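S.K.: I am sharing data_18.txt, which consists of compact mmCIF, N, CA and C atoms:
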# COMPACT_ATOMS: atom_id res chain seq x y z
N MET U 108 13.49 21.52 43.45
CA MET U 108 12.75 22.74 43.17
C MET U 108 13.01 23.74 44.29
N LEU U 109 13.12 24.99 43.93
CA LEU U 109 13.37 26.05 44.90
C LEU U 109 12.10 26.41 45.65
N SER U 110 12.26 26.64 46.91
CA SER U 110 11.11 27.09 47.69
C SER U 110 10.90 28.58 47.48
N ARG U 111 9.76 29.05 47.84
CA ARG U 111 9.43 30.46 47.71
C ARG U 111 10.38 31.31 48.55
N CYS U 112 10.75 30.82 49.71
CA CYS U 112 11.68 31.51 50.60
C CYS U 112 13.06 31.65 49.95
N ASP U 113 13.53 30.58 49.29
CA ASP U 113 14.82 30.63 48.61
C ASP U 113 14.81 31.65 47.47
N VAL U 114 13.73 31.71 46.74
CA VAL U 114 13.61 32.67 45.63
C VAL U 114 13.64 34.10 46.16
N ILE U 115 12.94 34.36 47.25
CA ILE U 115 12.91 35.69 47.85
C ILE U 115 14.29 36.07 48.37
N LYS U 116 14.96 35.11 49.05
CA LYS U 116 16.32 35.39 49.55
C LYS U 116 17.27 35.69 48.38
N GLY U 117 17.18 34.91 47.33
CA GLY U 117 18.04 35.12 46.16
C GLY U 117 17.79 36.47 45.52
N ALA U 118 16.53 36.85 45.41
CA ALA U 118 16.18 38.15 44.83
C ALA U 118 16.70 39.29 45.70
N ALA U 119 16.61 39.13 47.02
CA ALA U 119 17.09 40.16 47.94
C ALA U 119 18.60 40.33 47.82
N VAL U 120 19.33 39.22 47.73
CA VAL U 120 20.79 39.29 47.58
C VAL U 120 21.14 39.97 46.25
N ALA U 121 20.44 39.59 45.18
CA ALA U 121 20.72 40.19 43.87
C ALA U 121 20.44 41.69 43.88
N LEU U 122 19.33 42.10 44.48
CA LEU U 122 18.98 43.52 44.56
C LEU U 122 20.00 44.29 45.38
N PHE U 123 20.44 43.71 46.49
CA PHE U 123 21.44 44.35 47.34
C PHE U 123 22.77 44.51 46.58
N THR U 124 23.18 43.46 45.87
CA THR U 124 24.43 43.51 45.10
C THR U 124 24.36 44.57 44.01
N LEU U 125 23.24 44.62 43.29
CA LEU U 125 23.10 45.62 42.23
C LEU U 125 23.07 47.03 42.79
N SER U 126 22.45 47.23 43.94
CA SER U 126 22.40 48.57 44.51
C SER U 126 23.78 49.02 44.96
N ILE U 127 24.60 48.10 45.49
CA ILE U 127 25.97 48.45 45.88
C ILE U 127 26.79 48.79 44.65
N GLN U 128 26.70 47.99 43.60
CA GLN U 128 27.45 48.26 42.37
C GLN U 128 27.01 49.57 41.75
N GLY U 129 25.71 49.84 41.76
CA GLY U 129 25.20 51.10 41.21
C GLY U 129 25.70 52.29 41.99
N ALA U 130 25.73 52.18 43.31
CA ALA U 130 26.22 53.28 44.15
C ALA U 130 27.71 53.49 43.91
N TRP U 131 28.48 52.40 43.78
CA TRP U 131 29.91 52.54 43.53
C TRP U 131 30.14 53.19 42.18
N ALA U 132 29.39 52.77 41.17
CA ALA U 132 29.56 53.34 39.83
C ALA U 132 29.21 54.82 39.84
N GLN U 133 28.20 55.20 40.60
CA GLN U 133 27.80 56.59 40.64
C GLN U 133 28.85 57.43 41.38
N GLU U 134 29.42 56.89 42.45
CA GLU U 134 30.44 57.61 43.20
C GLU U 134 31.70 57.82 42.37
N THR U 135 32.04 56.86 41.53
CA THR U 135 33.26 56.93 40.75
C THR U 135 32.99 57.31 39.30
N LYS U 136 31.85 57.87 39.01
CA LYS U 136 31.48 58.22 37.64
C LYS U 136 32.44 59.25 37.08
N MET U 137 32.97 58.94 35.95
CA MET U 137 33.86 59.84 35.25
C MET U 137 33.13 60.41 34.04
N ASN U 138 33.40 61.65 33.75
CA ASN U 138 32.86 62.30 32.57
C ASN U 138 33.99 62.44 31.57
N LEU U 139 33.78 61.91 30.36
CA LEU U 139 34.82 61.96 29.35
C LEU U 139 34.53 63.09 28.36
N PHE U 140 35.61 63.72 27.90
CA PHE U 140 35.51 64.79 26.92
C PHE U 140 36.57 64.59 25.87
N LYS U 141 36.22 64.94 24.62
CA LYS U 141 37.19 64.91 23.53
C LYS U 141 37.70 66.34 23.35
N ILE U 142 39.02 66.49 23.39
CA ILE U 142 39.66 67.78 23.15
C ILE U 142 40.21 67.74 21.73
N VAL U 143 39.70 68.62 20.88
CA VAL U 143 40.13 68.68 19.49
C VAL U 143 41.11 69.84 19.35
N THR U 144 42.31 69.53 18.87
CA THR U 144 43.33 70.55 18.66
C THR U 144 43.65 70.65 17.17
N THR U 145 44.57 71.53 16.84
CA THR U 145 44.95 71.68 15.43
C THR U 145 45.69 70.44 14.93
N LYS U 146 46.30 69.68 15.84
CA LYS U 146 47.09 68.52 15.43
C LYS U 146 46.40 67.18 15.65
N ASP U 147 45.61 67.05 16.73
CA ASP U 147 45.04 65.75 17.05
C ASP U 147 43.83 65.89 17.95
N GLU U 148 43.35 64.75 18.39
CA GLU U 148 42.23 64.68 19.34
C GLU U 148 42.66 63.79 20.49
N ILE U 149 42.31 64.20 21.71
CA ILE U 149 42.58 63.36 22.87
C ILE U 149 41.32 63.27 23.71
N ILE U 150 41.24 62.22 24.51
CA ILE U 150 40.12 62.02 25.42
C ILE U 150 40.63 62.29 26.83
N ILE U 151 39.87 63.09 27.57
CA ILE U 151 40.22 63.36 28.96
C ILE U 151 39.05 62.95 29.85
N GLY U 152 39.34 62.69 31.12
CA GLY U 152 38.31 62.32 32.08
C GLY U 152 38.35 63.23 33.28
N LEU U 153 37.16 63.69 33.70
CA LEU U 153 37.02 64.53 34.89
C LEU U 153 35.95 63.95 35.78
N SER U 154 36.22 63.93 37.08
CA SER U 154 35.22 63.44 38.03
C SER U 154 34.19 64.54 38.27
N ALA U 155 33.10 64.20 38.93
CA ALA U 155 32.06 65.18 39.25
C ALA U 155 32.62 66.29 40.12
N GLU U 156 33.53 65.92 41.05
CA GLU U 156 34.13 66.93 41.92
C GLU U 156 35.02 67.89 41.14
N GLU U 157 35.77 67.37 40.18
CA GLU U 157 36.62 68.23 39.36
C GLU U 157 35.79 69.17 38.50
N LEU U 158 34.70 68.65 37.96
CA LEU U 158 33.81 69.50 37.16
C LEU U 158 33.18 70.59 38.01
N GLN U 159 32.78 70.24 39.21
CA GLN U 159 32.19 71.23 40.11
C GLN U 159 33.22 72.31 40.46
N ALA U 160 34.47 71.92 40.62
CA ALA U 160 35.53 72.88 40.95
C ALA U 160 35.77 73.88 39.82
N ILE U 161 35.54 73.46 38.57
CA ILE U 161 35.73 74.40 37.47
C ILE U 161 34.46 75.17 37.14
N GLY U 162 33.38 74.85 37.84
CA GLY U 162 32.17 75.65 37.71
C GLY U 162 31.12 75.15 36.76
N GLY U 163 31.07 73.87 36.52
CA GLY U 163 30.02 73.34 35.64
C GLY U 163 30.10 71.84 35.54
N ASN U 164 29.31 71.27 34.63
CA ASN U 164 29.32 69.82 34.49
C ASN U 164 29.23 69.37 33.03
N ASP U 165 29.56 70.28 32.11
CA ASP U 165 29.47 69.91 30.70
C ASP U 165 30.69 70.43 29.93
N ALA U 166 30.69 70.17 28.63
CA ALA U 166 31.83 70.54 27.79
C ALA U 166 32.06 72.05 27.76
N SER U 167 30.99 72.82 27.80
CA SER U 167 31.17 74.28 27.77
C SER U 167 31.87 74.78 29.03
N ALA U 168 31.61 74.14 30.17
CA ALA U 168 32.30 74.52 31.41
C ALA U 168 33.78 74.22 31.32
N VAL U 169 34.13 73.09 30.71
CA VAL U 169 35.54 72.73 30.54
C VAL U 169 36.20 73.73 29.59
N ALA U 170 35.54 74.04 28.49
CA ALA U 170 36.09 75.00 27.52
C ALA U 170 36.25 76.38 28.16
N HIS U 171 35.26 76.80 28.93
CA HIS U 171 35.32 78.10 29.58
C HIS U 171 36.46 78.15 30.60
N ALA U 172 36.60 77.11 31.41
CA ALA U 172 37.68 77.07 32.40
C ALA U 172 39.04 77.09 31.73
N LEU U 173 39.17 76.36 30.62
CA LEU U 173 40.43 76.33 29.89
C LEU U 173 40.76 77.71 29.31
N ALA U 174 39.76 78.36 28.75
CA ALA U 174 39.97 79.70 28.19
C ALA U 174 40.29 80.72 29.28
N GLN U 175 39.59 80.62 30.40
CA GLN U 175 39.77 81.57 31.49
C GLN U 175 41.11 81.40 32.20
N LYS U 176 41.48 80.15 32.48
CA LYS U 176 42.73 79.89 33.21
C LYS U 176 43.95 79.85 32.30
N GLY U 177 43.73 79.50 31.03
CA GLY U 177 44.85 79.38 30.10
C GLY U 177 45.42 77.99 30.01
N ASP U 178 45.28 77.22 31.09
CA ASP U 178 45.72 75.82 31.08
C ASP U 178 44.97 75.02 32.14
N LEU U 179 44.91 73.73 31.94
CA LEU U 179 44.28 72.80 32.88
C LEU U 179 45.15 71.55 32.96
N THR U 180 45.22 70.96 34.13
CA THR U 180 45.87 69.67 34.31
C THR U 180 44.77 68.63 34.44
N VAL U 181 44.81 67.61 33.57
CA VAL U 181 43.76 66.60 33.50
C VAL U 181 44.38 65.22 33.25
N TRP U 182 43.57 64.19 33.36
CA TRP U 182 44.00 62.83 33.03
C TRP U 182 43.57 62.50 31.61
N GLN U 183 44.53 62.01 30.81
CA GLN U 183 44.23 61.54 29.46
C GLN U 183 43.74 60.09 29.57
N TYR U 184 42.74 59.74 28.78
CA TYR U 184 42.17 58.39 28.78
C TYR U 184 42.37 57.72 27.43
N ASN U 185 42.64 56.41 27.47
CA ASN U 185 42.76 55.58 26.28
C ASN U 185 42.13 54.22 26.55
N VAL U 186 41.88 53.47 25.50
CA VAL U 186 41.29 52.14 25.63
C VAL U 186 42.40 51.13 25.92
N HIS U 187 42.19 50.32 26.95
CA HIS U 187 43.13 49.27 27.35
C HIS U 187 42.34 48.03 27.75
N ARG U 188 43.03 46.92 27.86
CA ARG U 188 42.40 45.69 28.37
C ARG U 188 42.53 45.67 29.88
N GLY U 189 41.43 45.35 30.55
CA GLY U 189 41.43 45.23 32.00
C GLY U 189 41.98 43.89 32.43
N GLN U 190 41.98 43.65 33.74
CA GLN U 190 42.50 42.39 34.27
C GLN U 190 41.70 41.19 33.79
N ASN U 191 40.40 41.40 33.54
CA ASN U 191 39.56 40.30 33.09
C ASN U 191 39.58 40.15 31.56
N GLY U 192 40.38 40.97 30.87
CA GLY U 192 40.50 40.86 29.42
C GLY U 192 39.55 41.74 28.64
N GLU U 193 38.59 42.36 29.33
CA GLU U 193 37.64 43.22 28.64
C GLU U 193 38.25 44.60 28.38
N LEU U 194 37.83 45.20 27.27
CA LEU U 194 38.31 46.55 26.96
C LEU U 194 37.68 47.55 27.92
N GLN U 195 38.47 48.55 28.32
CA GLN U 195 37.97 49.59 29.20
C GLN U 195 38.67 50.90 28.87
N GLN U 196 38.00 51.99 29.15
CA GLN U 196 38.57 53.32 28.98
C GLN U 196 39.29 53.64 30.29
N ALA U 197 40.62 53.80 30.24
CA ALA U 197 41.40 53.95 31.47
C ALA U 197 42.35 55.14 31.38
N PRO U 198 42.66 55.74 32.55
CA PRO U 198 43.60 56.86 32.54
C PRO U 198 45.01 56.36 32.21
N THR U 199 45.73 57.13 31.38
CA THR U 199 47.07 56.72 30.99
C THR U 199 48.14 57.71 31.41
N ALA U 200 47.79 58.99 31.49
CA ALA U 200 48.80 60.00 31.86
C ALA U 200 48.11 61.28 32.32
N LYS U 201 48.74 61.93 33.26
CA LYS U 201 48.28 63.25 33.68
C LYS U 201 48.95 64.26 32.74
N ILE U 202 48.14 65.08 32.08
CA ILE U 202 48.67 65.99 31.07
C ILE U 202 48.23 67.42 31.33
N GLY U 203 48.89 68.35 30.71
CA GLY U 203 48.51 69.75 30.76
C GLY U 203 47.91 70.17 29.44
N LEU U 204 46.77 70.85 29.48
CA LEU U 204 46.14 71.39 28.28
C LEU U 204 46.39 72.89 28.24
N LEU U 205 46.74 73.39 27.06
CA LEU U 205 46.93 74.83 26.87
C LEU U 205 45.77 75.37 26.05
N ALA U 206 45.26 76.51 26.43
CA ALA U 206 44.10 77.09 25.77
C ALA U 206 44.36 77.41 24.31
N ASN U 207 45.55 77.88 23.98
CA ASN U 207 45.79 78.29 22.59
C ASN U 207 45.90 77.13 21.62
N ALA U 208 46.11 75.91 22.11
CA ALA U 208 46.21 74.75 21.22
C ALA U 208 44.87 74.01 21.09
N SER U 209 43.91 74.30 21.95
CA SER U 209 42.63 73.61 21.93
C SER U 209 41.62 74.40 21.11
N LEU U 210 40.97 73.72 20.19
CA LEU U 210 39.97 74.37 19.37
C LEU U 210 38.55 74.10 19.84
N ARG U 211 38.34 72.89 20.37
CA ARG U 211 36.98 72.49 20.71
C ARG U 211 36.99 71.45 21.81
N VAL U 212 35.98 71.50 22.68
CA VAL U 212 35.78 70.50 23.73
C VAL U 212 34.40 69.89 23.49
N GLU U 213 34.34 68.57 23.39
CA GLU U 213 33.09 67.87 23.13
C GLU U 213 32.86 66.80 24.19
N PRO U 214 31.61 66.53 24.54
CA PRO U 214 31.36 65.36 25.40
C PRO U 214 31.73 64.10 24.62
N TYR U 215 32.16 63.08 25.33
CA TYR U 215 32.60 61.85 24.67
C TYR U 215 31.94 60.67 25.34
N THR U 216 31.40 59.77 24.56
CA THR U 216 30.80 58.56 25.10
C THR U 216 31.59 57.35 24.61
N THR U 217 31.58 56.31 25.39
CA THR U 217 32.31 55.10 25.06
C THR U 217 31.48 53.88 25.43
N PRO U 218 31.59 52.81 24.67
CA PRO U 218 30.87 51.58 25.03
C PRO U 218 31.59 50.79 26.12
N TYR U 219 32.80 51.23 26.50
CA TYR U 219 33.60 50.50 27.46
C TYR U 219 33.40 51.01 28.87
N GLN U 220 33.74 50.18 29.83
CA GLN U 220 33.72 50.58 31.23
C GLN U 220 34.76 51.67 31.41
N ILE U 221 34.43 52.70 32.19
CA ILE U 221 35.36 53.80 32.43
C ILE U 221 35.99 53.61 33.79
N VAL U 222 37.31 53.57 33.82
CA VAL U 222 38.06 53.42 35.06
C VAL U 222 38.35 54.80 35.64
N PRO U 223 38.01 55.05 36.90
CA PRO U 223 38.31 56.36 37.49
C PRO U 223 39.80 56.56 37.66
N HIS U 224 40.25 57.80 37.54
CA HIS U 224 41.68 58.08 37.75
C HIS U 224 41.97 58.26 39.24
N PRO U 225 43.24 58.12 39.58
CA PRO U 225 43.63 58.23 41.00
C PRO U 225 43.45 59.63 41.55
Would you mind writing the file out in structure tokens?
M.R.:
Amino acid sequence: MLSRCDVIKGAAVALFTLSIQGAWAQETKMNLFKIVTTKDEIIIGLSAEELQAIGGNDASAVAHALAQKGDLTVWQYNVHRGQNGELQQAPTAKIGLLANASLRVEPYTTPYQIVPHP
């Protein structure tokens, strides 16, 4: 049987581990957006710093920056299997978006873990 001290130590280790993982996830949090064009749809990922650089943190900020600048360089995201075999949303290529080909920018959610781009 576990002693009270062992239970407290185990809880402290678990809490510490979860707080580190939560902080890491928050630092590397990626925001995904669906770009709808006349031909297809693609998923892109932007970090909090990249969103701040374009002047916002939502789909309208991305759309506005794209319209204002005419083009944006972003990372395209697709679903892949990670090293542990689980599906994850991961960056696949750095691409250029042109304003005249994009019709709509939408926030995108995924049930998979999101891998931050380099």
S.K.: Within 7 Å of Val186 of chain U, counting only C-alpha atoms, which residues qualify if same-chain residues fewer than 3 places away don't, as a list in words?
M.R.: Leu194, Gln195, Gln196 and Ala197 of chain U
S.K.: Can you tell me, as a list of chain:residue names, which residues sit within 6 Å of (29.8, 61.9, 29.1) in the file's frame, using all atoms listed in the file?
M.R.: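 Residues with an atom close enough to that point: U:Asn138, U:Leu139, U:Pro214, U:Tyr215, U:Thr216.
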S.K.: Using the selection just defined, write its residues with N, CA and C atoms as a compact mmCIF listing (two decimals), in the coordinates of the input.
M.R.:
# COMPACT_ATOMS: atom_id res chain seq x y z
N ASN U 138 33.40 61.65 33.75
CA ASN U 138 32.86 62.30 32.57
C ASN U 138 33.99 62.44 31.57
N LEU U 139 33.78 61.91 30.36
CA LEU U 139 34.82 61.96 29.35
C LEU U 139 34.53 63.09 28.36
N PRO U 214 31.61 66.53 24.54
CA PRO U 214 31.36 65.36 25.40
C PRO U 214 31.73 64.10 24.62
N TYR U 215 32.16 63.08 25.33
CA TYR U 215 32.60 61.85 24.67
C TYR U 215 31.94 60.67 25.34
N THR U 216 31.40 59.77 24.56
CA THR U 216 30.80 58.56 25.10
C THR U 216 31.59 57.35 24.61
S.K.: Write out as an mmCIF file with N, CA and C atoms, keeping the file's coordinate frame the residues lying within 12 Å of Ser167 of chain U, counting only C-alpha atoms and excluding same-chain residues fewer than 3 positions away.
M.R.:
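Produced file selection37.cif, reproduced below:
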data_model
loop_
_atom_site.group_PDB
_atom_site.id
_atom_site.type_symbol
_atom_site.label_atom_id
_atom_site.label_comp_id
_atom_site.auth_asym_id
_atom_site.auth_seq_id
_atom_site.Cartn_x
_atom_site.Cartn_y
_atom_site.Cartn_z
ATOM 1 N N PHE U 140 35.610 63.720 27.900
ATOM 2 C CA PHE U 140 35.510 64.790 26.920
ATOM 3 C C PHE U 140 36.570 64.590 25.870
ATOM 4 N N LYS U 141 36.220 64.940 24.620
ATOM 5 C CA LYS U 141 37.190 64.910 23.530
ATOM 6 C C LYS U 141 37.700 66.340 23.350
ATOM 7 N N ILE U 142 39.020 66.490 23.390
ATOM 8 C CA ILE U 142 39.660 67.780 23.150
ATOM 9 C C ILE U 142 40.210 67.740 21.730
ATOM 10 N N LEU U 158 34.700 68.650 37.960
ATOM 11 C CA LEU U 158 33.810 69.500 37.160
ATOM 12 C C LEU U 158 33.180 70.590 38.010
ATOM 13 N N ILE U 161 35.540 73.460 38.570
ATOM 14 C CA ILE U 161 35.730 74.400 37.470
ATOM 15 C C ILE U 161 34.460 75.170 37.140
ATOM 16 N N GLY U 162 33.380 74.850 37.840
ATOM 17 C CA GLY U 162 32.170 75.650 37.710
ATOM 18 C C GLY U 162 31.120 75.150 36.760
ATOM 19 N N GLY U 163 31.070 73.870 36.520
ATOM 20 C CA GLY U 163 30.020 73.340 35.640
ATOM 21 C C GLY U 163 30.100 71.840 35.540
ATOM 22 N N ASN U 164 29.310 71.270 34.630
ATOM 23 C CA ASN U 164 29.320 69.820 34.490
ATOM 24 C C ASN U 164 29.230 69.370 33.030
ATOM 25 N N ALA U 170 35.540 74.040 28.490
ATOM 26 C CA ALA U 170 36.090 75.000 27.520
ATOM 27 C C ALA U 170 36.250 76.380 28.160
ATOM 28 N N HIS U 171 35.260 76.800 28.930
ATOM 29 C CA HIS U 171 35.320 78.100 29.580
ATOM 30 C C HIS U 171 36.460 78.150 30.600
ATOM 31 N N ALA U 172 36.600 77.110 31.410
ATOM 32 C CA ALA U 172 37.680 77.070 32.400
ATOM 33 C C ALA U 172 39.040 77.090 31.730
ATOM 34 N N LEU U 173 39.170 76.360 30.620
ATOM 35 C CA LEU U 173 40.430 76.330 29.890
ATOM 36 C C LEU U 173 40.760 77.710 29.310
ATOM 37 N N ALA U 174 39.760 78.360 28.750
ATOM 38 C CA ALA U 174 39.970 79.700 28.190
ATOM 39 C C ALA U 174 40.290 80.720 29.280
ATOM 40 N N GLN U 175 39.590 80.620 30.400
ATOM 41 C CA GLN U 175 39.770 81.570 31.490
ATOM 42 C C GLN U 175 41.110 81.400 32.200
ATOM 43 N N ARG U 211 38.340 72.890 20.370
ATOM 44 C CA ARG U 211 36.980 72.490 20.710
ATOM 45 C C ARG U 211 36.990 71.450 21.810
ATOM 46 N N VAL U 212 35.980 71.500 22.680
ATOM 47 C CA VAL U 212 35.780 70.500 23.730
ATOM 48 C C VAL U 212 34.400 69.890 23.490
ATOM 49 N N GLU U 213 34.340 68.570 23.390
ATOM 50 C CA GLU U 213 33.090 67.870 23.130
ATOM 51 C C GLU U 213 32.860 66.800 24.190
ATOM 52 N N PRO U 214 31.610 66.530 24.540
ATOM 53 C CA PRO U 214 31.360 65.360 25.400
ATOM 54 C C PRO U 214 31.730 64.100 24.620
#
S.K.: Quick check, in Å to one decimal: how far apart do atom CA of Pro223 of chain U and atom CA of Ser154 of chain U lie?
M.R.: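 Atom CA of Ser154 of chain U lies at a distance of 7.7 Å from atom CA of Pro223 of chain U.
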S.K.: Report, in Å with one decimal, the straight-line distance from atom CA of Gln183 of chain U to atom CA of Val143 of chain U.
M.R.: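 Computing it gives 12.9 Å between the two atoms.
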S.K.: When you draw a straight line from atom CA of Ile221 of chain U to atom CA of Asp165 of chain U, how long is it in Å?
M.R.: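 So the answer is 17.2 Å.
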S.K.: Could you check which of U:Val222, U:Thr199, U:Asp178, U:Ala168 is closest to Lys136 of chain U, using only N, CA and C atoms?
M.R.: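 Closest residue, counting only N, CA and C atoms: U:Val222.
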S.K.: Considering all atoms listed in the file, can you say which of U:Gln220, U:Ala155, U:Leu210, U:Leu205 comes closest to Thr180 of chain U?
M.R.: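 That would be U:Leu205, the residue with the smallest distance to Thr180 of chain U.
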S.K.: Could you pull the residues within 12 Å of Pro225 of chain U, counting only C-alpha atoms, minus those fewer than 5 positions along the same chain, as a list in words?
M.R.: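 Selected residues are Thr135, Met137, Gly152, Leu153, Ser154, Val181, Trp182, Ala197, Pro198, Thr199, Ala200 and Lys201 of chain U.
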